[in-house]
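Next comes data-v5.txt, a file with compact mmCIF, C-alpha atoms.
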```
# COMPACT_ATOMS: atom_id res chain seq x y z
CA MET I 30 0.00 0.00 0.00
CA ASP I 31 2.79 2.42 0.85
CA ILE I 32 4.50 1.55 -2.42
CA GLY I 33 1.34 2.30 -4.37
CA ILE I 34 0.84 5.65 -2.67
CA ARG I 35 4.44 6.61 -3.29
CA SER I 36 4.13 5.65 -6.95
CA PHE I 37 0.96 7.69 -7.25
CA PHE I 38 2.49 10.82 -5.72
CA LEU I 39 5.66 10.34 -7.80
CA ALA I 40 3.63 10.12 -11.01
CA LEU I 41 1.59 13.17 -9.93
CA LEU I 42 4.78 15.16 -9.24
CA ILE I 43 6.29 14.23 -12.61
CA THR I 44 3.04 15.24 -14.36
CA MET I 45 2.94 18.62 -12.56
CA MET I 46 6.59 19.31 -13.39
CA SER I 47 6.02 18.44 -17.04
CA PHE I 48 2.95 20.72 -17.19
CA SER I 49 4.88 23.59 -15.54
CA LEU I 50 7.78 23.20 -18.01
CA PHE I 51 5.36 23.18 -20.94
CA ALA I 52 3.65 26.33 -19.66
CA GLU I 53 6.98 28.14 -19.31
CA GLN I 54 7.93 27.24 -22.88
CA GLU I 55 4.57 28.51 -24.16
CA THR I 56 5.02 31.78 -22.25
CA LEU I 57 8.56 32.25 -23.61
CA GLN I 58 7.42 31.62 -27.19
CA SER I 59 4.53 34.04 -26.73
CA ARG I 60 6.90 36.77 -25.46
CA GLN I 61 9.29 36.20 -28.33
CA GLN I 62 6.48 36.49 -30.86
CA SER I 63 5.17 39.69 -29.23
CA VAL I 64 8.52 41.52 -29.58
CA ILE I 65 8.22 44.16 -32.31
CA GLU I 66 11.21 44.32 -34.59
CA PRO I 67 11.74 47.95 -35.68
CA THR I 68 11.99 48.53 -39.40
CA VAL I 69 14.66 51.12 -40.18
CA SER I 70 14.81 52.47 -43.71
CA ARG I 71 18.15 53.98 -44.70
CA ARG I 72 18.32 57.14 -46.75
CA ASP I 73 20.84 57.44 -49.55
CA ILE I 74 22.07 61.04 -49.54
CA ASN I 75 24.44 62.35 -52.15
CA GLU I 76 26.49 65.15 -50.63
CA ALA I 77 29.21 67.17 -52.32
CA ASN I 78 32.43 67.65 -50.42
CA ILE I 79 34.92 70.45 -50.94
CA ASP I 80 37.68 69.37 -53.29
CA SER I 81 40.93 68.34 -51.67
CA GLU I 82 42.57 71.49 -53.03
CA ASN I 83 42.32 74.60 -50.85
CA PHE I 84 42.36 77.37 -53.46
CA GLU I 85 39.17 79.11 -54.56
CA PHE I 86 38.80 81.54 -57.45
CA GLY I 87 35.76 83.21 -58.96
CA VAL I 88 33.86 86.29 -60.10
CA LEU I 89 31.31 88.53 -58.42
CA VAL I 90 28.60 90.92 -59.58
CA GLY I 91 26.38 93.15 -57.52
CA VAL I 92 25.33 96.63 -56.53
CA LEU I 93 27.58 99.15 -54.79
CA SER I 94 25.97 102.00 -52.87
CA VAL I 95 28.56 104.76 -52.58
CA GLU I 96 27.68 107.10 -49.70
CA ASP I 97 26.45 110.51 -50.95
CA PHE I 98 26.43 109.15 -54.49
CA SER I 99 23.91 106.90 -56.22
CA SER I 100 24.19 103.12 -56.48
CA SER I 101 25.69 101.37 -59.47
CA MET I 102 26.70 97.94 -60.68
CA VAL I 103 29.97 96.52 -59.40
CA LEU I 104 32.04 93.77 -61.03
CA GLY I 105 34.97 91.98 -59.46
CA VAL I 106 37.06 88.90 -58.86
CA ARG I 107 37.74 86.91 -55.72
CA ALA I 108 40.56 84.55 -54.74
CA ALA I 109 40.81 82.66 -51.45
CA TYR I 110 43.02 80.17 -49.69
CA HIS I 111 41.38 77.89 -47.11
CA VAL I 112 43.82 77.39 -44.24
CA ASN I 113 41.49 74.79 -42.73
CA GLU I 114 37.75 74.14 -42.68
CA ASP I 115 37.18 77.12 -40.36
CA PHE I 116 39.55 79.89 -41.51
CA PHE I 117 40.44 81.30 -44.91
CA VAL I 118 42.26 84.27 -46.42
CA GLU I 119 40.72 86.06 -49.38
CA ALA I 120 41.65 88.86 -51.76
CA THR I 121 39.02 90.76 -53.75
CA TYR I 122 39.09 93.41 -56.46
CA GLY I 123 36.10 95.33 -57.75
CA GLN I 124 35.21 98.35 -59.81
CA ALA I 125 32.15 100.50 -60.41
CA ASP I 126 31.15 103.93 -61.75
CA ALA I 127 29.69 106.18 -59.07
CA GLY I 128 26.59 108.16 -59.99
CA GLU I 129 25.64 111.72 -59.16
CA THR I 130 24.87 113.17 -55.76
CA SER I 131 21.31 114.21 -54.93
CA PHE I 132 22.40 117.87 -55.10
CA GLU I 133 23.74 117.39 -58.62
CA VAL I 134 20.52 115.71 -59.70
CA LEU I 135 18.21 118.36 -58.20
CA SER I 136 20.20 121.49 -59.01
CA GLY I 137 21.49 120.58 -62.44
CA GLY I 138 24.62 122.53 -61.62
CA ALA I 139 28.27 121.77 -62.26
CA PRO I 140 29.25 118.20 -61.30
CA PHE I 141 31.45 117.56 -58.28
CA LEU I 142 33.55 114.99 -60.12
CA THR I 143 34.72 114.34 -63.64
CA ASP I 144 33.91 111.06 -65.35
CA ASP I 145 37.37 109.70 -64.55
CA GLU I 146 37.05 110.69 -60.89
CA ARG I 147 33.78 108.76 -60.66
CA ASN I 148 35.61 105.53 -61.34
CA TYR I 149 35.45 103.54 -58.10
CA ARG I 150 38.07 100.80 -57.70
CA TYR I 151 38.96 98.82 -54.62
CA TYR I 152 41.06 95.91 -53.50
CA ASN I 153 41.35 94.31 -50.07
CA VAL I 154 42.76 91.30 -48.25
CA SER I 155 40.58 89.74 -45.54
CA LEU I 156 40.60 87.01 -42.95
CA GLY I 157 37.44 84.92 -42.99
CA TYR I 158 35.75 82.49 -40.60
CA ASN I 159 33.29 79.77 -41.66
CA LEU I 160 30.25 78.48 -39.81
CA ASN I 161 29.92 75.21 -41.70
CA GLY I 162 26.59 73.44 -42.10
CA GLU I 163 24.22 71.75 -44.52
CA THR I 164 21.29 72.97 -46.60
CA PHE I 165 18.39 70.56 -47.16
CA PHE I 166 16.22 71.18 -50.23
CA THR I 167 14.51 67.75 -49.98
CA ASP I 168 15.05 64.59 -47.90
CA ARG I 169 17.55 63.37 -50.49
CA LEU I 170 18.91 66.64 -51.91
CA VAL I 171 21.48 67.99 -49.45
CA PHE I 172 24.31 70.47 -50.02
CA ASN I 173 27.22 71.51 -47.85
CA SER I 174 27.04 75.20 -47.06
CA ALA I 175 28.64 77.82 -44.86
CA THR I 176 27.86 81.20 -43.40
CA TYR I 177 31.07 83.20 -43.21
CA PHE I 178 32.33 86.51 -41.86
CA THR I 179 35.31 88.56 -43.05
CA VAL I 180 37.35 91.48 -41.80
CA GLY I 181 40.07 93.06 -43.89
CA ALA I 182 41.91 96.11 -45.12
CA GLY I 183 42.89 97.53 -48.46
CA SER I 184 42.65 100.60 -50.65
CA THR I 185 39.96 102.48 -52.60
CA GLU I 186 40.52 104.78 -55.57
CA PHE I 187 37.72 107.31 -55.87
CA GLY I 188 37.34 111.03 -56.47
CA GLY I 189 40.87 111.38 -57.79
CA ASP I 190 42.39 110.08 -54.57
CA GLU I 191 43.42 106.77 -53.00
CA ARG I 192 42.21 106.01 -49.47
CA PHE I 193 42.95 103.34 -46.88
CA THR I 194 39.83 101.19 -46.52
CA LEU I 195 38.54 98.87 -43.81
CA SER I 196 36.16 96.16 -45.01
CA LEU I 197 33.62 94.16 -42.98
CA GLY I 198 31.62 91.44 -44.65
CA ALA I 199 29.32 88.46 -44.31
CA GLY I 200 28.28 85.85 -46.83
CA TYR I 201 26.68 82.50 -47.55
CA ARG I 202 28.33 79.80 -49.67
CA LEU I 203 26.43 76.87 -51.22
CA LEU I 204 28.62 74.05 -52.52
CA LEU I 205 26.78 72.61 -55.54
CA THR I 206 29.53 70.15 -56.56
CA ASP I 207 32.93 69.13 -55.23
CA TYR I 208 34.51 72.12 -56.96
CA PHE I 209 31.77 74.69 -57.74
CA ALA I 210 30.04 77.04 -55.28
CA LEU I 211 27.60 79.95 -55.32
CA HIS I 212 27.92 82.93 -52.99
CA VAL I 213 25.66 85.63 -51.61
CA ASN I 214 27.58 88.35 -49.80
CA LEU I 215 27.30 91.71 -48.11
CA LYS I 216 30.30 93.96 -47.52
CA ASP I 217 30.83 97.44 -46.06
CA HIS I 218 33.81 99.45 -47.32
CA LEU I 219 34.73 102.17 -44.82
CA PHE I 220 37.07 105.06 -45.64
CA ASN I 221 37.40 108.76 -44.81
CA SER I 222 36.19 111.24 -47.42
CA GLU I 223 35.76 115.01 -47.68
CA LEU I 224 34.40 115.20 -51.23
CA ILE I 225 31.18 117.04 -50.36
CA GLY I 226 32.15 118.75 -47.11
CA GLU I 227 34.02 118.04 -43.91
CA GLU I 228 35.97 114.83 -43.66
CA LYS I 229 33.92 111.91 -42.41
CA THR I 230 33.92 108.14 -42.40
CA THR I 231 31.77 106.87 -45.26
CA HIS I 232 29.99 103.52 -45.44
CA ASN I 233 29.89 102.08 -48.94
CA ILE I 234 27.66 99.00 -48.97
CA GLU I 235 28.10 96.25 -51.53
CA TYR I 236 25.50 93.54 -52.22
CA GLY I 237 26.74 90.78 -54.45
CA LEU I 238 26.40 87.36 -56.00
CA GLY I 239 29.39 85.21 -56.87
CA ALA I 240 30.46 81.95 -58.43
CA THR I 241 33.73 80.27 -57.47
CA PHE I 242 35.74 77.18 -58.34
CA PHE I 243 37.96 75.12 -56.06
CA PHE I 244 41.23 73.91 -57.54
```
If you took the structure in this file and wrote it as structure tokens, what would it be?
Amino acid sequence: MDIGIRSFFLALLITMMSFSLFAEQETLQSRQQSVIEPTVSRRDINEANIDSENFEFGVLVGVLSVEDFSSSMVLGVRAAYHVNEDFFVEATYGQADAGETSFEVLSGGAPFLTDDERNYRYYNVSLGYNLNGETFFTDRLVFNSATYFTVGAGSTEFGGDERFTLSLGAGYRLLLTDYFALHVNLKDHLFNSELIGEEKTTHNIEYGLGATFFF
């Protein structure tokens, strides 16, 4: 009788252990099936990088507002050397023909300057600093870009005289390919002038567009 009872309890224990093991396996399989596998779609982005060369050369066109004289078109050239991705040194040359003063226009009197004296020419050398970034036109169309600031010095020929000039500028560069970029820039040319009265510091604002090549 004792042997039968022991056998019964042993069989019951084995059955309960088997049922518990089966339940644990079912629970584990259920948890594994309930795990959500995230689906990550990768984007293929084509992005132009600046060419390995550090020299940049190009042309610029814009409008130059000469203080006390009317605005006119300015044409010029630009050359730069990129010391690293943050700093660069640039040299620019531009020329324009200054218009008449408001007094000349209203009075119709004798002009202040001859045609040759109205020729406005400048050159300067500047140190620039880049704030590099990216410009997204679409999810897949991305271009490297930079907002940059410049400070420099040079010379301006205007009114029959040559004057030391301080230049302060800011611009935006959009790199379309590995070697070609478009620019939008703003620059203030400051020099002392006494053409229409007492000597004063004049602000001559230039708004321009440019295209440059890296080589």
| said: Taking all atoms listed in the file into account, name the residue in I:Asp145, I:Glu133, I:Asp207, I:Asp190 that is nearest to Phe98 in chain I. | reply: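 Once distances to Phe98 in chain I are computed over all atoms listed in the file, the minimum belongs to I:Glu133.
Counting all atoms listed in the file and comparing I:Phe117, I:Tyr110, I:Phe86, I:Phe141, the residue that lies closest to Gly189 in chain I is I:Phe141.
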Excluding Leu156 in chain I and its own-chain neighbours fewer than 6 positions away, which residues fall within 7 Å of it when counting only C-alpha atoms? Please give them as a short mmCIF file (atom, residue, chain, number, x, y, z; two decimals) with C-alpha atoms, in the coordinates of the input.
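In the end it all went to around.cif:
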```cif
data_model
loop_
_atom_site.label_atom_id
_atom_site.label_comp_id
_atom_site.auth_asym_id
_atom_site.auth_seq_id
_atom_site.Cartn_x
_atom_site.Cartn_y
_atom_site.Cartn_z
CA PHE I 117 40.44 81.30 -44.91
CA VAL I 118 42.26 84.27 -46.42
CA GLU I 119 40.72 86.06 -49.38
CA THR I 179 35.31 88.56 -43.05
CA VAL I 180 37.35 91.48 -41.80
CA GLY I 181 40.07 93.06 -43.89
#
```
| task | Work out how far CA of Tyr122 in chain I is from CA of Leu142 in chain I, in Å to one decimal. | result | 22.6 Å
| task | In the coordinate frame of the file, compute which residues have an atom within 7 Å of (31.5, 75.0, -49.9) when using all atoms listed in the file, and state them as a count of residues only. | result | 8
| Which is closer to Ser155 in chain I than all the others in I:Thr130, I:Thr167, I:Ser184, I:Thr121, using all atoms listed in the file? |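 Of the candidates, the smallest distance to Ser155 in chain I is held by I:Thr121.
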